[in-house]
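One structure is given here, and the rest of the page talks about it.
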Amino acid sequence: MTLERYNPIVIGLIGLFTLFSINIGFDLVPDIQTPADAEQTNPFVTSDGTYHRYARVQGDSFQIFANDQWTDILVKGVNFGMAKPGHFPGEAAINYDEYLRWFDQIGDMNANAVRTYSIHPPQFYRALRDHNEMHPDSTLFLFQGIYANECVLGNAGNAFDPALTRSLRSNIESTIDVIHGNLRSKGTRDVPMGSYDADVSGYVIGLVLGQEWEPSLVMGTDTAFEGIDDLVGTYISTIGGSPFEIWLAGMLEHIASYGSSRYSFQAPLSFVNYQVLDKLDHPLEPVRCNDIASVDPDHILASDTFFTGLFATLHAYPYYPDFMNLEYGQDQLGSEGKDKSSYAAYLKDMRSHHTTPILVGEFGLPTSKGLAARNVDGMDQGALTEEEQGRFLSDLFSSIVDEGLLGGIVFSWQDEWFKTTWNVRSAVDIEGKPDWYDPMNCEENYGLLSFSPGAVQRIAIDGNMDDWAALGSVQLSNGSALTGPSIIMMNDEGYIYIRIDLGELAGYDVRLLLDTLPDHGIGKIGSGTSGSEGMEFMVDIPGDGPASLFVDSAYNVLNPATLGTEDGFVPLEMVTSNEQMIPCTGEIVPVGTFQAGVLVKGTYDPVQAQTPLYDICTSADGRSMELRLPWGMLNFRDPSRKVVVGDVLNEGPRSSVNIDGISVKALVLAGPDGQDSGDDASIIASSGAYHTWDTWDAPTYHERLKGSYRTMMEAFAAE
């Protein structure tokens with residue numbers, strides 16, 4: 001990196017680590033093969049002067065070189081994580097066949113790009129190369145991320161921290177070696193083990209630096225190094241840059257310098273930014289840390305010697321931060337913008353304030369049963385069907401295109417079982433999270449590809465009871481019944497399944513009582529329906545009308561502020577936002593909640609073309625019903641190890657208990673004089689069952705393309 005004019009402090013912190021050999025040692029070894037030795041089979045290869053150029057940013061478009069000319073390309077991509085069920089990302093467990101199959105499915109979806117956040121294992125790059133060589137008409141271009149190590153980043157008080165700068169520069173060099181198929185790794189925190197021998201540099205459409213930076217890091221850097229001079233590098237410079245922007249520019253300079261000097265290679269460059277750090281002012285934002293710092297890509301410029309250009313990468317979601325609703329909601333728009341969603345209005349505002357072209361590097365919506373944030377246009381963070389996910393994703397992508405951006409990259413390709421969301425995190429054990437599926441958890445349900453629990457789908461909640469008879473050796477728990485309904489139970493990595501055969505009792509209201517925590521819970525429901533001692537949950541299933549799950553008030557852990565504030569069972573609620581104050585008005589925004597216990601109820605319909613995603617479904621004759629309840633809905637911290645949330649009211653929020661199984665009691669109820677059952681209902685029949693299961697270390701699952709996949713296939717084809 002050439003520094004013609006730079007503050008001496010910055011030279012000392014950045015320039016100290018310019019040697020190529022830093023952090024290579026015995027763990028990362030560049031191959032002896034040089035790019036000139038490798039056979040060039042990539043159809044997108046060209047040269048300009050001494051630099052290979054396969055992609056560039058020109059005006060408001062990406063361009064690729066194909067058929068001896070530069071061609072505009074609208075980015076239609078998906079983001080790739082490194083995890084699958086049973087594994088954290090750092091285990092790099094996805095194999096070649098899985099990558100190749102997914103690339104083929106992504107190509108079939110009419111996408112043209114994939115994005116990674118960090119270096120994937122070697123099989124990722126081999127599979128990408130092989131897919132593109134086998135399917136030249138559905139080439140997938142690569143946005144390769146360059147990640148800052150989270151451990152090092154977490155210990156850095158500012159971006160110029162020597163350990164952070166050294167680590168990130170090493171990752172930059174390793175990343176560029178990797179995409180050129182020129183690295184052997186024994187395995188480090190940042191580079192998975194293996195020989196990187198697939199040269200995919202000709203498919204690289206962009207290199208994206210970093211991640212969603214904490215506002216405190218940006219503020220700490222800007223405060224500690226206030227007044228430092230702008231960077232004037234060989235390839236990258238700043239004008240009016242803040243210290244953090246100058247540090248980013250220095251890292252981009254190193255990317256350009258290393259690629260140019262070692263491989264005669266350049267690709268469009270960017271860094272990650274998101275709504276919390278955008279350059280706009282948001283006076284209505286109630287969460288102070290979401291509007292205390294900004295990073296402006298317009299302050300970073302490319303020199304005449306950097307031919308491929310810069311672009312801005314923006315992670316943009318419709319429901320977060322709160323200013324997306326408060327400032328860009330329909331009631332906040334003028335008459336000119338009434339036909340725009342809040343998301344489109346935000347993108348329009350961003351585009352009008354930037355000269356650097358913008359790529360939406362993340363946009364997405366989860367298909368979770370739980371909810372974590374709301375959007376004024378219904379594009380919520382959760383509680384969406386797959387059809388709704390697809391429709392809203394298509395709308396978001398249309399807004400991206402309509403507002404003149406470079407394109408968009410869907411978050412994400414696959415569901416990610418290891419993740420947790422802020423409003424369920426205290427109720428689960430992080431260590432075991434990859435081993436089970438939680439529909440209540442928004443963060444693990446963003447994918448277009450579902451990792452559905454179980455090696456195959458054994459029970460479909462559709463009202464057809466034939467699949468229960470076909471279970472064979474699958475572990476079942478059968479309840480004993482005299483005059484009451486019979487109960488059959490089973491489970492997989494995501495749900496407890498319960499079948500209730502009512503027989504001649506069909507049509508009456510049913511209540512299920514579940515005991516999950518020993519020596520805890522409620523022993524009486526209402527004034528007339530005595531139940532067993534120690535029940536934590538109640539499922540109310542009227543003969544007509546919606547069904548719901550209720551929880552002991554002292555065990556309603558997803559809404560901690562209400563713990564123990566009432567007697568008896570209360571509706572299961574999740575907190576979606578904390579109490580906040582709008583700074584410029586002083587208005588108090590109350591706590592937001594979501595009725596998470598509502599169960600979708602249906603009746604078997606053999607003529608339906610697609611099985612609906614019911615929670616409860618009755619057979620056509622009404623004599624049987626089946627339901628599924630997510631482990632997370634029943635306060636399991638880790639069902640794979642039989643661990644539930646403990647007595648949080650008396651023992652604290654992290655209390656846990658190992659259990660053996662679950663007791664279930666079914667009550668058939670009748671109200672007085674034929675009325676609907678209520679608090680004065682009487683029990684006309686009852687029965688019970690106990691379900692236990694084997695713990696597991698390696699979860700079973702099967703892949704399933706969600707309904708949103710086909711919707712995005714059509715959306716991408718239309719643009």
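Chain identifiers are assigned as A, B, and so on, following the order in which chains appear in the structure tokens; residues are numbered from 1 within each chain, and ligands are numbered from 1 in order of appearance.
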Within 6 Å of segment 201-206 of chain A using only C-alpha atoms, minus same-chain residues under 5 positions, as number ranges by chain:
A: 54-55, 141-143, 179-180, 267-269
Please write the residues from the selection above to a file, keeping C-alpha atoms, as a short mmCIF file (atom, residue, chain, number, x, y, z; two decimals), in the first residue's frame.
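Below is the file again.cif, written as the result:
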data_model
loop_
_atom_site.label_atom_id
_atom_site.label_comp_id
_atom_site.auth_asym_id
_atom_site.auth_seq_id
_atom_site.Cartn_x
_atom_site.Cartn_y
_atom_site.Cartn_z
CA TYR A 54 -13.79 -10.11 -15.16
CA ALA A 55 -16.34 -7.77 -13.59
CA PHE A 141 -21.05 -15.21 -9.85
CA LEU A 142 -19.45 -14.88 -6.44
CA PHE A 143 -19.52 -12.06 -3.93
CA ILE A 179 -10.31 -17.54 -4.88
CA HIS A 180 -7.25 -18.11 -7.08
CA ALA A 267 -12.55 -6.97 -8.76
CA PRO A 268 -15.20 -4.48 -7.62
CA LEU A 269 -14.76 -3.68 -3.92
#
Just want the 12 Å neighbourhood of Glu387 of chain A, counted on only C-alpha atoms, with same-chain residues fewer than 6 positions away dropped. Output as an mmCIF file with N, CA, C and O atoms, in the first residue's frame.
data_model
loop_
_atom_site.group_PDB
_atom_site.id
_atom_site.type_symbol
_atom_site.label_atom_id
_atom_site.label_comp_id
_atom_site.auth_asym_id
_atom_site.auth_seq_id
_atom_site.Cartn_x
_atom_site.Cartn_y
_atom_site.Cartn_z
ATOM 1 N N LEU A 365 -36.912 -12.411 5.075
ATOM 2 C CA LEU A 365 -38.045 -12.552 5.997
ATOM 3 C C LEU A 365 -38.121 -14.010 6.437
ATOM 4 O O LEU A 365 -37.976 -14.915 5.607
ATOM 5 N N PRO A 366 -38.362 -14.276 7.729
ATOM 6 C CA PRO A 366 -38.382 -15.661 8.193
ATOM 7 C C PRO A 366 -39.773 -16.280 8.221
ATOM 8 O O PRO A 366 -40.782 -15.587 8.410
ATOM 9 N N THR A 367 -39.808 -17.595 8.060
ATOM 10 C CA THR A 367 -41.060 -18.348 8.103
ATOM 11 C C THR A 367 -41.283 -18.970 9.474
ATOM 12 O O THR A 367 -41.911 -20.032 9.591
ATOM 13 N N LEU A 393 -40.858 -11.259 -0.283
ATOM 14 C CA LEU A 393 -39.509 -11.192 -0.861
ATOM 15 C C LEU A 393 -39.562 -10.678 -2.293
ATOM 16 O O LEU A 393 -38.713 -9.878 -2.717
ATOM 17 N N SER A 394 -40.542 -11.143 -3.044
ATOM 18 C CA SER A 394 -40.708 -10.669 -4.411
ATOM 19 C C SER A 394 -40.989 -9.167 -4.434
ATOM 20 O O SER A 394 -40.441 -8.428 -5.265
ATOM 21 N N LEU A 448 -34.626 -20.146 2.018
ATOM 22 C CA LEU A 448 -35.498 -20.658 0.963
ATOM 23 C C LEU A 448 -35.479 -22.182 0.958
ATOM 24 O O LEU A 448 -36.382 -22.817 0.425
ATOM 25 N N GLN A 610 -52.100 -29.103 -2.143
ATOM 26 C CA GLN A 610 -50.903 -29.015 -1.322
ATOM 27 C C GLN A 610 -51.295 -29.094 0.154
ATOM 28 O O GLN A 610 -52.265 -28.490 0.584
ATOM 29 N N PRO A 612 -51.712 -28.192 3.710
ATOM 30 C CA PRO A 612 -51.576 -26.930 4.424
ATOM 31 C C PRO A 612 -50.715 -27.120 5.665
ATOM 32 O O PRO A 612 -50.593 -28.226 6.195
ATOM 33 N N LEU A 613 -50.128 -26.059 6.132
ATOM 34 C CA LEU A 613 -49.269 -26.121 7.297
ATOM 35 C C LEU A 613 -50.095 -25.866 8.550
ATOM 36 O O LEU A 613 -50.002 -24.830 9.196
ATOM 37 N N LYS A 706 -38.785 -24.537 0.138
ATOM 38 C CA LYS A 706 -40.011 -23.894 0.598
ATOM 39 C C LYS A 706 -40.820 -23.378 -0.593
ATOM 40 O O LYS A 706 -40.294 -23.209 -1.709
ATOM 41 N N GLY A 707 -42.074 -23.084 -0.332
ATOM 42 C CA GLY A 707 -42.914 -22.512 -1.381
ATOM 43 C C GLY A 707 -42.386 -21.194 -1.898
ATOM 44 O O GLY A 707 -42.620 -20.817 -3.062
ATOM 45 N N SER A 708 -41.648 -20.475 -1.067
ATOM 46 C CA SER A 708 -41.071 -19.194 -1.480
ATOM 47 C C SER A 708 -40.005 -19.352 -2.558
ATOM 48 O O SER A 708 -39.724 -18.404 -3.303
ATOM 49 N N TYR A 709 -39.416 -20.529 -2.644
ATOM 50 C CA TYR A 709 -38.397 -20.777 -3.668
ATOM 51 C C TYR A 709 -38.973 -20.562 -5.066
ATOM 52 O O TYR A 709 -38.390 -19.866 -5.901
ATOM 53 N N ARG A 710 -40.116 -21.145 -5.316
ATOM 54 C CA ARG A 710 -40.719 -21.011 -6.648
ATOM 55 C C ARG A 710 -41.162 -19.572 -6.915
ATOM 56 O O ARG A 710 -41.048 -19.074 -8.039
ATOM 57 N N THR A 711 -41.634 -18.898 -5.870
ATOM 58 C CA THR A 711 -42.027 -17.499 -6.045
ATOM 59 C C THR A 711 -40.825 -16.652 -6.447
ATOM 60 O O THR A 711 -40.923 -15.796 -7.336
ATOM 61 N N MET A 712 -39.674 -16.878 -5.808
ATOM 62 C CA MET A 712 -38.474 -16.116 -6.169
ATOM 63 C C MET A 712 -37.930 -16.544 -7.529
ATOM 64 O O MET A 712 -37.323 -15.731 -8.234
#
Identify, on the basis of only C-alpha atoms, every residue whose closest approach to Lys84 of chain A does not exceed 10 Å; exclude the query and any residue fewer than 5 positions from it along the same chain; express the result as a ChimeraX atom specification.
/A:89,91-94,414-418,434-435,451,701
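One finds atom CA of Pro571 of chain A at 27.4 Å from atom CA of Ser477 of chain A.
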